[in-house]
>>> print(open('query.txt').read())   # compact mmCIF, C-alpha atoms (C1' of nucleotides)
# COMPACT_ATOMS: atom_id res chain seq x y z
CA MET F 8 0.00 0.00 0.00
CA GLU F 9 1.92 3.02 -1.24
CA THR F 10 -0.69 5.61 -0.42
CA GLN F 11 1.32 5.82 2.77
CA ASP F 12 4.49 6.54 0.83
CA LEU F 13 2.76 9.38 -0.95
CA LYS F 14 1.38 10.92 2.20
CA ARG F 15 4.71 10.59 3.95
CA ALA F 16 6.23 12.56 1.09
CA GLY F 17 3.67 15.30 1.53
CA LEU F 18 1.94 14.41 -1.72
CA LYS F 19 -1.80 14.06 -2.08
CA VAL F 20 -3.07 10.68 -3.14
CA THR F 21 -4.42 11.45 -6.58
CA LEU F 22 -5.52 9.27 -9.42
CA PRO F 23 -2.59 10.08 -11.76
CA ARG F 24 -0.06 9.40 -9.02
CA MET F 25 -1.62 6.09 -8.08
CA LYS F 26 -1.82 5.00 -11.70
CA ILE F 27 1.81 5.83 -12.32
CA LEU F 28 2.90 3.87 -9.26
CA GLU F 29 0.74 0.97 -10.34
CA ILE F 30 2.29 0.91 -13.78
CA LEU F 31 5.81 1.02 -12.41
CA GLU F 32 4.97 -1.88 -10.13
CA SER F 33 3.13 -4.10 -12.50
CA SER F 34 4.93 -3.54 -15.76
CA ASN F 35 7.15 -6.30 -17.00
CA LYS F 36 9.67 -3.64 -17.89
CA LYS F 37 11.25 -2.33 -14.71
CA HIS F 38 12.75 0.69 -16.44
CA MET F 39 10.31 3.00 -18.14
CA SER F 40 10.51 6.40 -19.76
CA ALA F 41 7.91 9.06 -19.13
CA GLU F 42 6.59 8.42 -22.59
CA ASP F 43 6.35 4.65 -22.05
CA ILE F 44 4.10 5.35 -19.11
CA TYR F 45 2.17 7.98 -21.04
CA LYS F 46 1.37 5.61 -23.90
CA LEU F 47 0.41 2.81 -21.55
CA MET F 48 -2.05 5.08 -19.79
CA LEU F 49 -3.55 6.35 -23.01
CA ASP F 50 -3.96 2.75 -24.16
CA THR F 51 -5.87 1.86 -21.03
CA GLY F 52 -8.12 4.84 -21.51
CA ASP F 53 -6.69 6.96 -18.72
CA GLU F 54 -6.63 10.63 -19.46
CA ILE F 55 -3.35 12.22 -18.55
CA GLY F 56 -0.87 14.80 -19.76
CA LEU F 57 2.75 14.00 -20.41
CA ALA F 58 3.69 17.02 -18.32
CA THR F 59 1.94 15.52 -15.34
CA ILE F 60 3.94 12.35 -15.69
CA TYR F 61 7.19 14.28 -15.72
CA ARG F 62 6.07 16.32 -12.74
CA VAL F 63 4.97 13.29 -10.79
CA LEU F 64 8.09 11.30 -11.57
CA THR F 65 10.27 14.21 -10.54
CA GLN F 66 8.40 14.46 -7.26
CA PHE F 67 8.69 10.71 -6.75
CA GLU F 68 12.39 10.97 -7.36
CA GLY F 69 12.66 13.71 -4.76
CA ALA F 70 10.69 11.55 -2.33
CA GLY F 71 12.98 8.61 -2.96
CA LEU F 72 10.24 6.48 -4.49
CA VAL F 73 11.86 6.14 -7.89
CA ILE F 74 15.31 6.44 -9.39
CA ARG F 75 15.96 8.29 -12.60
CA HIS F 76 18.58 6.89 -14.95
CA HIS F 77 20.15 8.55 -17.96
CA PHE F 78 21.07 5.49 -19.94
CA GLU F 79 22.81 6.27 -23.26
CA ALA F 80 21.28 9.35 -24.87
CA GLY F 81 17.62 10.12 -25.40
CA GLN F 82 15.05 9.89 -22.69
CA ALA F 83 15.54 9.28 -19.01
CA VAL F 84 14.08 6.08 -17.59
CA PHE F 85 12.62 5.55 -14.15
CA GLU F 86 12.49 2.52 -11.91
CA LEU F 87 10.93 1.95 -8.52
CA GLU F 88 13.38 2.36 -5.66
CA SER F 89 13.81 -1.14 -4.31
CA GLY F 90 16.09 -0.20 -1.47
CA LYS F 91 18.84 -2.31 -2.93
CA HIS F 92 21.41 -0.41 -4.93
CA HIS F 93 22.43 -2.12 -8.13
CA ASP F 94 24.09 -1.44 -11.46
CA HIS F 95 22.98 -2.28 -14.98
CA LEU F 96 23.95 -4.41 -17.91
CA ILE F 97 22.15 -3.28 -21.05
CA CYS F 98 21.78 -4.96 -24.43
CA ILE F 99 22.25 -2.33 -27.12
CA LYS F 100 20.30 -4.43 -29.60
CA CYS F 101 17.18 -5.56 -27.82
CA GLY F 102 17.18 -3.24 -24.84
CA LYS F 103 17.25 -6.05 -22.30
CA ILE F 104 18.40 -4.84 -18.90
CA VAL F 105 20.01 -7.01 -16.25
CA GLU F 106 20.59 -5.67 -12.77
CA PHE F 107 23.62 -6.73 -10.82
CA LEU F 108 25.54 -5.89 -7.70
CA ASP F 109 29.18 -6.68 -7.10
CA GLU F 110 30.56 -5.97 -3.67
CA ALA F 111 34.15 -5.98 -4.87
CA ILE F 112 33.37 -3.25 -7.39
CA GLU F 113 31.47 -1.24 -4.81
CA ALA F 114 34.37 -1.47 -2.39
CA LYS F 115 36.90 -0.50 -5.03
CA GLN F 116 34.87 2.57 -5.89
CA LYS F 117 34.87 3.73 -2.32
CA GLU F 118 38.59 3.23 -2.17
CA ILE F 119 39.15 5.20 -5.37
CA ALA F 120 36.99 8.07 -4.19
CA LYS F 121 38.79 8.18 -0.86
CA ARG F 122 42.20 8.12 -2.49
CA ASN F 123 41.19 11.15 -4.57
CA GLY F 124 39.66 13.10 -1.72
CA PHE F 125 36.05 12.67 -2.86
CA ARG F 126 33.06 12.04 -0.65
CA ILE F 127 30.80 9.84 -2.81
CA SER F 128 27.23 10.96 -3.28
CA ASP F 129 26.26 8.57 -6.00
CA HIS F 130 27.60 6.46 -8.77
CA SER F 131 26.51 4.88 -11.99
CA LEU F 132 27.97 1.83 -13.67
CA ILE F 133 26.49 0.71 -16.94
CA ILE F 134 27.86 -2.09 -19.07
CA TYR F 135 26.66 -2.05 -22.67
CA GLY F 136 26.82 -5.15 -24.78
CA ILE F 137 24.95 -7.64 -26.88
CA CYS F 138 23.03 -10.34 -25.08
CA ASP F 139 22.58 -13.97 -26.02
CA ASN F 140 18.97 -13.72 -27.13
CA SER F 141 18.63 -15.47 -30.46
CA SER F 142 17.35 -12.24 -32.00
CA CYS F 143 20.52 -10.44 -30.95
CA GLN F 144 22.92 -12.82 -32.62
CA GLN F 145 22.71 -11.60 -36.22
CA ARG F 146 26.19 -10.18 -35.78
CA MET V 16 49.92 16.13 -36.68
CA GLU V 17 46.33 15.02 -36.84
CA THR V 18 45.69 16.10 -40.39
CA GLN V 19 46.56 12.47 -41.04
CA ASP V 20 43.86 11.31 -38.67
CA LEU V 21 41.34 13.40 -40.53
CA LYS V 22 42.34 12.13 -43.93
CA ARG V 23 42.37 8.58 -42.70
CA ALA V 24 38.80 9.06 -41.57
CA GLY V 25 37.81 10.30 -45.00
CA LEU V 26 37.35 13.83 -43.74
CA LYS V 27 38.69 16.87 -45.52
CA VAL V 28 41.17 18.95 -43.61
CA THR V 29 39.22 22.13 -43.02
CA LEU V 30 39.74 25.09 -40.77
CA PRO V 31 36.83 24.39 -38.42
CA ARG V 32 37.92 20.80 -37.94
CA MET V 33 41.52 21.77 -37.25
CA LYS V 34 40.44 24.45 -34.80
CA ILE V 35 38.20 22.06 -32.91
CA LEU V 36 40.96 19.49 -32.63
CA GLU V 37 43.35 22.19 -31.47
CA ILE V 38 40.98 23.31 -28.77
CA LEU V 39 40.40 19.80 -27.51
CA GLU V 40 44.16 19.29 -27.35
CA SER V 41 45.20 22.51 -25.76
CA SER V 42 42.35 23.28 -23.39
CA ASN V 43 43.00 22.83 -19.72
CA LYS V 44 39.61 21.18 -19.50
CA LYS V 45 39.78 17.76 -21.07
CA HIS V 46 36.02 17.38 -21.23
CA MET V 47 34.20 20.00 -23.22
CA SER V 48 30.66 20.49 -24.42
CA ALA V 49 29.90 21.65 -27.94
CA GLU V 50 28.97 24.99 -26.51
CA ASP V 51 32.20 25.30 -24.52
CA ILE V 52 34.06 24.92 -27.78
CA TYR V 53 31.69 27.28 -29.57
CA LYS V 54 32.19 30.07 -27.04
CA LEU V 55 35.94 29.59 -27.03
CA MET V 56 36.05 29.95 -30.80
CA LEU V 57 33.86 33.02 -30.82
CA ASP V 58 36.12 34.56 -28.16
CA THR V 59 39.17 34.02 -30.30
CA GLY V 60 37.44 35.60 -33.24
CA ASP V 61 36.85 32.42 -35.21
CA GLU V 62 33.62 32.39 -37.13
CA ILE V 63 31.77 29.16 -36.70
CA GLY V 64 28.27 27.79 -36.30
CA LEU V 65 27.25 25.65 -33.37
CA ALA V 66 25.77 23.17 -35.83
CA THR V 67 29.16 22.69 -37.41
CA ILE V 68 30.67 21.87 -34.07
CA TYR V 69 28.05 19.22 -33.41
CA ARG V 70 28.50 17.80 -36.89
CA VAL V 71 32.27 17.72 -36.61
CA LEU V 72 32.26 16.20 -33.15
CA THR V 73 29.84 13.51 -34.27
CA GLN V 74 32.09 12.70 -37.22
CA PHE V 75 35.12 12.65 -34.93
CA GLU V 76 33.29 10.28 -32.66
CA GLY V 77 32.55 7.99 -35.58
CA ALA V 78 36.19 8.14 -36.60
CA GLY V 79 37.29 7.25 -33.09
CA LEU V 80 39.03 10.57 -32.52
CA VAL V 81 36.88 11.66 -29.62
CA ILE V 82 34.62 10.07 -27.04
CA ARG V 83 31.22 11.47 -26.20
CA HIS V 84 30.07 11.27 -22.59
CA HIS V 85 26.61 11.87 -21.21
CA PHE V 86 27.53 12.86 -17.69
CA GLU V 87 24.47 13.60 -15.53
CA ALA V 88 21.80 15.40 -17.53
CA GLY V 89 22.23 18.38 -19.83
CA GLN V 90 24.83 18.57 -22.51
CA ALA V 91 27.13 15.87 -23.76
CA VAL V 92 30.84 16.44 -23.31
CA PHE V 93 33.63 15.33 -25.57
CA GLU V 94 37.21 14.33 -24.87
CA LEU V 95 40.04 13.33 -27.17
CA GLU V 96 40.44 9.58 -27.48
CA SER V 97 43.71 8.86 -25.72
CA GLY V 98 43.78 5.17 -26.47
CA LYS V 99 43.66 4.42 -22.78
CA HIS V 100 40.23 3.56 -21.48
CA HIS V 101 39.39 5.13 -18.15
CA ASP V 102 36.45 5.98 -15.94
CA HIS V 103 35.49 9.21 -14.22
CA LEU V 104 35.14 10.69 -10.78
CA ILE V 105 33.15 13.92 -10.92
CA CYS V 106 32.65 16.62 -8.31
CA ILE V 107 29.00 17.65 -8.39
CA LYS V 108 29.85 21.01 -6.85
CA CYS V 109 32.81 22.35 -8.80
CA GLY V 110 32.73 20.08 -11.83
CA LYS V 111 36.24 18.78 -11.26
CA ILE V 112 36.84 15.55 -13.15
CA VAL V 113 39.40 12.91 -12.20
CA GLU V 114 40.12 10.02 -14.52
CA PHE V 115 40.96 6.63 -13.13
CA LEU V 116 41.41 3.06 -14.17
CA ASP V 117 41.09 0.06 -11.92
CA GLU V 118 42.01 -3.29 -13.35
CA ALA V 119 40.11 -5.19 -10.71
CA ILE V 120 36.90 -3.37 -11.62
CA GLU V 121 37.52 -3.90 -15.31
CA ALA V 122 38.03 -7.60 -14.77
CA LYS V 123 34.95 -7.93 -12.61
CA GLN V 124 32.85 -6.28 -15.30
CA LYS V 125 34.01 -8.77 -17.90
CA GLU V 126 33.17 -11.59 -15.55
CA ILE V 127 29.70 -10.20 -14.87
CA ALA V 128 28.97 -9.74 -18.56
CA LYS V 129 30.14 -13.25 -19.33
CA ARG V 130 28.07 -14.74 -16.53
CA ASN V 131 24.99 -13.06 -18.00
CA GLY V 132 25.67 -14.02 -21.58
CA PHE V 133 26.61 -10.52 -22.75
CA ARG V 134 29.38 -9.63 -25.16
CA ILE V 135 30.59 -6.23 -23.88
CA SER V 136 30.74 -3.41 -26.37
CA ASP V 137 31.33 -0.58 -23.98
CA HIS V 138 30.85 0.50 -20.42
CA SER V 139 30.61 3.61 -18.36
CA LEU V 140 31.43 4.04 -14.71
CA ILE V 141 30.95 7.43 -13.16
CA ILE V 142 31.37 8.18 -9.49
CA TYR V 143 29.72 11.41 -8.34
CA GLY V 144 30.82 13.10 -5.17
CA ILE V 145 32.17 16.21 -3.54
CA CYS V 146 35.86 16.85 -3.80
CA ASP V 147 38.23 18.30 -1.23
CA ASN V 148 38.69 21.68 -2.87
CA SER V 149 38.25 24.35 -0.22
CA SER V 150 35.40 25.84 -2.23
CA CYS V 151 33.54 22.54 -2.13
CA GLN V 152 33.57 22.13 1.62
CA GLN V 153 30.67 24.40 2.57
CA ARG V 154 28.66 21.29 3.36
C1' DA P 17 35.28 21.20 -61.42
C1' DT P 18 32.88 18.77 -58.08
C1' DG P 19 31.84 16.55 -54.12
C1' DT P 20 32.18 18.04 -49.21
C1' DA P 21 31.73 21.36 -45.59
C1' DT P 22 29.83 25.24 -43.61
C1' DG P 23 26.53 28.80 -41.69
C1' DC P 24 22.15 29.99 -40.85
C1' DA P 25 17.51 29.22 -39.77
C1' DA P 26 14.18 26.03 -38.87
C1' DA P 27 12.99 21.43 -37.10
C1' DA P 28 13.13 17.85 -33.83
C1' DC P 29 13.30 16.00 -29.28
C1' DA P 30 13.05 15.70 -24.24
C1' DT P 31 11.70 18.20 -20.47
C1' DT P 32 9.84 22.26 -17.88
C1' DT P 33 6.75 26.01 -16.88
C1' DG P 34 2.61 29.35 -16.83
C1' DC P 35 -1.94 29.44 -16.12
C1' DA P 36 -6.91 28.54 -15.74
C1' DC P 37 -9.53 24.84 -14.14
C1' DC P 38 -10.34 20.79 -11.23
C1' DT P 39 -10.00 17.81 -6.95
C1' DG P 40 -8.71 15.62 -2.65
C1' DG P 41 -9.01 16.05 2.29
C1' DC I 20 -13.39 25.59 1.00
C1' DC I 21 -8.75 25.99 -0.74
C1' DA I 22 -4.04 24.50 -1.16
C1' DG I 23 -2.29 21.66 -4.16
C1' DG I 24 -2.67 18.96 -8.58
C1' DT I 25 -3.74 18.58 -13.42
C1' DG I 26 -4.15 19.41 -18.56
C1' DC I 27 -2.93 22.06 -22.22
C1' DA I 28 -0.10 25.04 -24.73
C1' DA I 29 3.82 27.54 -24.90
C1' DA I 30 8.68 27.99 -23.48
C1' DT I 31 13.31 25.97 -22.87
C1' DG I 32 17.58 23.75 -23.84
C1' DT I 33 20.13 20.61 -26.62
C1' DT I 34 21.08 18.51 -30.81
C1' DT I 35 19.88 17.65 -35.75
C1' DT I 36 18.64 18.85 -40.44
C1' DG I 37 17.57 21.35 -44.98
C1' DC I 38 19.42 24.22 -48.03
C1' DA I 39 22.09 27.65 -50.49
C1' DT I 40 26.78 29.14 -50.49
C1' DA I 41 31.80 28.43 -49.90
C1' DC I 42 35.88 25.55 -49.88
C1' DA I 43 39.39 21.67 -50.43
C1' DT I 44 41.47 18.77 -53.65
>>> encode(input="query.txt", output="structure tokens")
Amino acid sequence: METQDLKRAGLKVTLPRMKILEILESSNKKHMSAEDIYKLMLDTGDEIGLATIYRVLTQFEGAGLVIRHHFEAGQAVFELESGKHHDHLICIKCGKIVEFLDEAIEAKQKEIAKRNGFRISDHSLIIYGICDNSSCQQR
Amino acid sequence: METQDLKRAGLKVTLPRMKILEILESSNKKHMSAEDIYKLMLDTGDEIGLATIYRVLTQFEGAGLVIRHHFEAGQAVFELESGKHHDHLICIKCGKIVEFLDEAIEAKQKEIAKRNGFRISDHSLIIYGICDNSSCQQR
DNA sequence: ATGTATGCAAAACATTTGCACCTGG
DNA sequence: CCAGGTGCAAATGTTTTGCATACAT
């Protein structure tokens, strides 16, 4: 029940906000752009403006409910904050995304930041490649 | 003498292209946006269009002369291809960028890709933080 | 010469903002 | 009721493109 999450963030529980949360939860894609969500809502007959989706997602990000990623170029994508930090492996052909977490890499990053006098606030590791789906193997 | 690099890439050796290469080589900032370069050229009295800079940088990227990064949001930045892959540590307050390379992290990434059936084409690791410059220490 | 490059203006995107209207508590 | 939320259209910022002119070879 995330109505609590919304209230805790000082946000009213409105239809658009609930719908957007629902979509992020139930979609088979865990990483969605504002436009992905927009189209999905139009398809299901929900009336909404793209601007609202951007506004809501930005508020959710501020409230720590979602994370915004800037994969490659183009649009940002959003995923529900699961509480577990992870990095991403992305197939540049089919768009498949695999999440992973490697403690050794995490530790090394901390060490590198420390050595250079940085206090880490965040980090982003993305590995791009071609996955082993049959449809991705045409060279 | 990079006129060779240009010719090898099938690009004519023109004034704008030479100037852009020169700026990327001689600037104290190794990572520059198209607009950074644009302003620098206008300042030094060179006549150029922003569109040309984008076109040239995109061609350079295709020719492997520069690398385009999409740090955070906003504009892309470009750096000369040095031949040595490296990752970045970026200060979110002053914009300072430190390059680093960690073999253990590189190896781990290969292992993770392999384990998930991905053939790596590229990867990007960016650590964001606050550096120890005096001007960055006001909390 | 002649195929490429360039500059400019306009287009194309992704995202944000202003504002009048609507809605949740 | 009324602060806050929404839809729409217009604004913004970045990058790309069309086209007529200029340049490199």
>>> residues_around(input="query.txt", residues="region 42-49 of chain V", least_positions_apart="5", cutoff="9 Å", atoms="only C-alpha atoms (C1' of nucleotides)", output="VMD selection string")
chain V and resid 37 54 65 68 to 69 72 84 90 to 95 112
>>> calpha_fit_and_write(input="query.txt", fixed="chain F", moving="chain V", output="mmCIF file with C-alpha atoms, in the frame of the given file")
data_model
loop_
_atom_site.group_PDB
_atom_site.id
_atom_site.type_symbol
_atom_site.label_atom_id
_atom_site.label_comp_id
_atom_site.auth_asym_id
_atom_site.auth_seq_id
_atom_site.Cartn_x
_atom_site.Cartn_y
_atom_site.Cartn_z
ATOM 1 C CA MET V 16 0.032 0.190 0.047
ATOM 2 C CA GLU V 17 2.009 3.162 -1.138
ATOM 3 C CA THR V 18 -0.599 5.765 -0.366
ATOM 4 C CA GLN V 19 1.434 6.024 2.821
ATOM 5 C CA ASP V 20 4.584 6.712 0.857
ATOM 6 C CA LEU V 21 2.837 9.519 -0.945
ATOM 7 C CA LYS V 22 1.498 11.111 2.193
ATOM 8 C CA ARG V 23 4.834 10.792 3.892
ATOM 9 C CA ALA V 24 6.355 12.705 1.014
ATOM 10 C CA GLY V 25 3.817 15.475 1.426
ATOM 11 C CA LEU V 26 2.065 14.530 -1.783
ATOM 12 C CA LYS V 27 -1.678 14.234 -2.105
ATOM 13 C CA VAL V 28 -2.996 10.850 -3.072
ATOM 14 C CA THR V 29 -4.354 11.509 -6.534
ATOM 15 C CA LEU V 30 -5.456 9.269 -9.338
ATOM 16 C CA PRO V 31 -2.588 10.066 -11.708
ATOM 17 C CA ARG V 32 -0.016 9.430 -9.008
ATOM 18 C CA MET V 33 -1.590 6.131 -8.000
ATOM 19 C CA LYS V 34 -1.816 5.013 -11.613
ATOM 20 C CA ILE V 35 1.817 5.830 -12.271
ATOM 21 C CA LEU V 36 2.938 3.918 -9.207
ATOM 22 C CA GLU V 37 0.761 0.995 -10.241
ATOM 23 C CA ILE V 38 2.287 0.909 -13.680
ATOM 24 C CA LEU V 39 5.821 1.027 -12.362
ATOM 25 C CA GLU V 40 4.992 -1.850 -10.025
ATOM 26 C CA SER V 41 3.140 -4.098 -12.370
ATOM 27 C CA SER V 42 4.904 -3.562 -15.677
ATOM 28 C CA ASN V 43 7.108 -6.337 -16.916
ATOM 29 C CA LYS V 44 9.635 -3.684 -17.834
ATOM 30 C CA LYS V 45 11.229 -2.337 -14.698
ATOM 31 C CA HIS V 46 12.721 0.662 -16.453
ATOM 32 C CA MET V 47 10.263 2.950 -18.146
ATOM 33 C CA SER V 48 10.437 6.327 -19.811
ATOM 34 C CA ALA V 49 7.828 8.992 -19.173
ATOM 35 C CA GLU V 50 6.477 8.320 -22.607
ATOM 36 C CA ASP V 51 6.264 4.562 -22.044
ATOM 37 C CA ILE V 52 4.044 5.290 -19.082
ATOM 38 C CA TYR V 53 2.085 7.901 -21.013
ATOM 39 C CA LYS V 54 1.276 5.521 -23.862
ATOM 40 C CA LEU V 55 0.343 2.743 -21.473
ATOM 41 C CA MET V 56 -2.114 5.019 -19.702
ATOM 42 C CA LEU V 57 -3.655 6.266 -22.910
ATOM 43 C CA ASP V 58 -4.067 2.643 -24.033
ATOM 44 C CA THR V 59 -5.940 1.777 -20.885
ATOM 45 C CA GLY V 60 -8.196 4.747 -21.358
ATOM 46 C CA ASP V 61 -6.746 6.891 -18.594
ATOM 47 C CA GLU V 62 -6.702 10.566 -19.376
ATOM 48 C CA ILE V 63 -3.411 12.137 -18.516
ATOM 49 C CA GLY V 64 -0.952 14.719 -19.771
ATOM 50 C CA LEU V 65 2.667 13.914 -20.452
ATOM 51 C CA ALA V 66 3.623 16.949 -18.385
ATOM 52 C CA THR V 67 1.907 15.459 -15.376
ATOM 53 C CA ILE V 68 3.901 12.296 -15.726
ATOM 54 C CA TYR V 69 7.158 14.223 -15.791
ATOM 55 C CA ARG V 70 6.075 16.302 -12.819
ATOM 56 C CA VAL V 71 4.991 13.281 -10.820
ATOM 57 C CA LEU V 72 8.100 11.288 -11.619
ATOM 58 C CA THR V 73 10.302 14.206 -10.628
ATOM 59 C CA GLN V 74 8.445 14.500 -7.329
ATOM 60 C CA PHE V 75 8.741 10.751 -6.797
ATOM 61 C CA GLU V 76 12.434 11.013 -7.437
ATOM 62 C CA GLY V 77 12.730 13.755 -4.846
ATOM 63 C CA ALA V 78 10.778 11.631 -2.398
ATOM 64 C CA GLY V 79 13.063 8.679 -3.018
ATOM 65 C CA LEU V 80 10.313 6.540 -4.513
ATOM 66 C CA VAL V 81 11.899 6.163 -7.914
ATOM 67 C CA ILE V 82 15.336 6.444 -9.462
ATOM 68 C CA ARG V 83 15.948 8.287 -12.695
ATOM 69 C CA HIS V 84 18.554 6.878 -15.066
ATOM 70 C CA HIS V 85 20.091 8.531 -18.089
ATOM 71 C CA PHE V 86 21.043 5.449 -20.041
ATOM 72 C CA GLU V 87 22.782 6.282 -23.336
ATOM 73 C CA ALA V 88 21.223 9.332 -24.960
ATOM 74 C CA GLY V 89 17.542 10.065 -25.480
ATOM 75 C CA GLN V 90 14.973 9.784 -22.778
ATOM 76 C CA ALA V 91 15.476 9.215 -19.095
ATOM 77 C CA VAL V 92 14.025 6.041 -17.641
ATOM 78 C CA PHE V 93 12.599 5.527 -14.202
ATOM 79 C CA GLU V 94 12.505 2.509 -11.924
ATOM 80 C CA LEU V 95 10.960 1.976 -8.515
ATOM 81 C CA GLU V 96 13.438 2.389 -5.686
ATOM 82 C CA SER V 97 13.848 -1.111 -4.310
ATOM 83 C CA GLY V 98 16.145 -0.175 -1.476
ATOM 84 C CA LYS V 99 18.850 -2.339 -2.957
ATOM 85 C CA HIS V 100 21.418 -0.455 -4.970
ATOM 86 C CA HIS V 101 22.439 -2.164 -8.179
ATOM 87 C CA ASP V 102 24.083 -1.469 -11.505
ATOM 88 C CA HIS V 103 22.989 -2.288 -15.033
ATOM 89 C CA LEU V 104 23.970 -4.426 -17.968
ATOM 90 C CA ILE V 105 22.172 -3.276 -21.108
ATOM 91 C CA CYS V 106 21.822 -4.939 -24.494
ATOM 92 C CA ILE V 107 22.271 -2.268 -27.150
ATOM 93 C CA LYS V 108 20.352 -4.359 -29.666
ATOM 94 C CA CYS V 109 17.218 -5.538 -27.892
ATOM 95 C CA GLY V 110 17.209 -3.228 -24.891
ATOM 96 C CA LYS V 111 17.289 -6.068 -22.390
ATOM 97 C CA ILE V 112 18.409 -4.869 -18.974
ATOM 98 C CA VAL V 113 20.033 -7.048 -16.321
ATOM 99 C CA GLU V 114 20.614 -5.712 -12.838
ATOM 100 C CA PHE V 115 23.642 -6.767 -10.877
ATOM 101 C CA LEU V 116 25.553 -5.950 -7.761
ATOM 102 C CA ASP V 117 29.182 -6.732 -7.141
ATOM 103 C CA GLU V 118 30.544 -6.051 -3.707
ATOM 104 C CA ALA V 119 34.122 -6.038 -4.883
ATOM 105 C CA ILE V 120 33.357 -3.279 -7.383
ATOM 106 C CA GLU V 121 31.433 -1.317 -4.789
ATOM 107 C CA ALA V 122 34.321 -1.537 -2.370
ATOM 108 C CA LYS V 123 36.864 -0.541 -4.978
ATOM 109 C CA GLN V 124 34.826 2.539 -5.832
ATOM 110 C CA LYS V 125 34.797 3.666 -2.222
ATOM 111 C CA GLU V 126 38.529 3.190 -2.060
ATOM 112 C CA ILE V 127 39.081 5.189 -5.243
ATOM 113 C CA ALA V 128 36.886 8.036 -4.044
ATOM 114 C CA LYS V 129 38.657 8.127 -0.707
ATOM 115 C CA ARG V 130 42.080 8.110 -2.328
ATOM 116 C CA ASN V 131 41.055 11.148 -4.375
ATOM 117 C CA GLY V 132 39.493 13.054 -1.524
ATOM 118 C CA PHE V 133 35.893 12.607 -2.683
ATOM 119 C CA ARG V 134 32.898 11.928 -0.483
ATOM 120 C CA ILE V 135 30.676 9.725 -2.691
ATOM 121 C CA SER V 136 27.103 10.813 -3.163
ATOM 122 C CA ASP V 137 26.154 8.449 -5.916
ATOM 123 C CA HIS V 138 27.546 6.388 -8.724
ATOM 124 C CA SER V 139 26.487 4.824 -11.950
ATOM 125 C CA LEU V 140 27.965 1.811 -13.659
ATOM 126 C CA ILE V 141 26.490 0.716 -16.937
ATOM 127 C CA ILE V 142 27.879 -2.051 -19.088
ATOM 128 C CA TYR V 143 26.699 -1.983 -22.704
ATOM 129 C CA GLY V 144 26.868 -5.074 -24.833
ATOM 130 C CA ILE V 145 25.014 -7.567 -26.954
ATOM 131 C CA CYS V 146 23.113 -10.281 -25.190
ATOM 132 C CA ASP V 147 22.680 -13.917 -26.148
ATOM 133 C CA ASN V 148 19.067 -13.684 -27.252
ATOM 134 C CA SER V 149 18.741 -15.413 -30.606
ATOM 135 C CA SER V 150 17.470 -12.178 -32.123
ATOM 136 C CA CYS V 151 20.629 -10.379 -31.053
ATOM 137 C CA GLN V 152 23.063 -12.741 -32.703
ATOM 138 C CA GLN V 153 22.917 -11.467 -36.284
ATOM 139 C CA ARG V 154 26.379 -10.021 -35.777
#
>>> atom_distance(input="query.txt", atom1="CA of Leu49 (chain F)", atom2="CA of Ile30 (chain F)")
12.2 Å
>>> residues_around(input="query.txt", residues="Gln11 (chain F)", least_positions_apart="4", cutoff="12 Å", atoms="only C-alpha atoms (C1' of nucleotides)", output="PyMOL selection string")
chain F and resi 15-20+25+72
>>> write_last_selection(input="query.txt", atoms="C-alpha atoms", output="PDB file, in the frame of the given file")
ATOM      1  CA  ARG F  15       4.710  10.590   3.950  1.00  0.00           C
ATOM      2  CA  ALA F  16       6.230  12.560   1.090  1.00  0.00           C
ATOM      3  CA  GLY F  17       3.670  15.300   1.530  1.00  0.00           C
ATOM      4  CA  LEU F  18       1.940  14.410  -1.720  1.00  0.00           C
ATOM      5  CA  LYS F  19      -1.800  14.060  -2.080  1.00  0.00           C
ATOM      6  CA  VAL F  20      -3.070  10.680  -3.140  1.00  0.00           C
ATOM      7  CA  MET F  25      -1.620   6.090  -8.080  1.00  0.00           C
ATOM      8  CA  LEU F  72      10.240   6.480  -4.490  1.00  0.00           C
TER       9      LEU F  72
END
>>> interface_residues(input="query.txt", of="chain F", to="chain V", cutoff="7 Å", atoms="all atoms listed in the file", output="ChimeraX atom specification")
/F:80,112,124-139
>>> interface_residues(input="query.txt", of="chain P", to="chain V", cutoff="12 Å", atoms="all atoms listed in the file", output="ChimeraX atom specification")
/P:19-25,30-31
>>> residues_around(input="query.txt", residues="DA30 (chain I)", least_positions_apart="5", cutoff="12 Å", atoms="all atoms listed in the file", output="JSON, numbers by chain")
{"P": [31, 32, 33, 34]}
>>> closest_residue(input="query.txt", among="V:Glu17, V:Asp61, V:Glu40, V:Glu50", to="chain I", atoms="only C-alpha atoms (C1' of nucleotides)")
V:Glu50
>>> interface_residues(input="query.txt", of="chain I", to="chain F", cutoff="12 Å", atoms="only C-alpha atoms (C1' of nucleotides)", output="PyMOL selection string")
chain I and resi 22-28+33-34
>>> atom_distance(input="query.txt", atom1="CA of Ser33 (chain F)", atom2="CA of Ser142 (chain F)")
25.5 Å
>>> residues_around(input="query.txt", residues="DT18 (chain P)", least_positions_apart="6", cutoff="12 Å", atoms="only C-alpha atoms (C1' of nucleotides)", output="list in words")
DC42, DA43 and DT44 of chain I
>>> write_last_selection(input="query.txt", atoms="C-alpha atoms (C1' of nucleotides)", output="JSON list (two decimals), keeping the file's coordinate frame")
[["chain", "number", "residue", "atom", "x", "y", "z"],
["I", 42, "DC", "C1'", 35.88, 25.55, -49.88],
["I", 43, "DA", "C1'", 39.39, 21.67, -50.43],
["I", 44, "DT", "C1'", 41.47, 18.77, -53.65]]
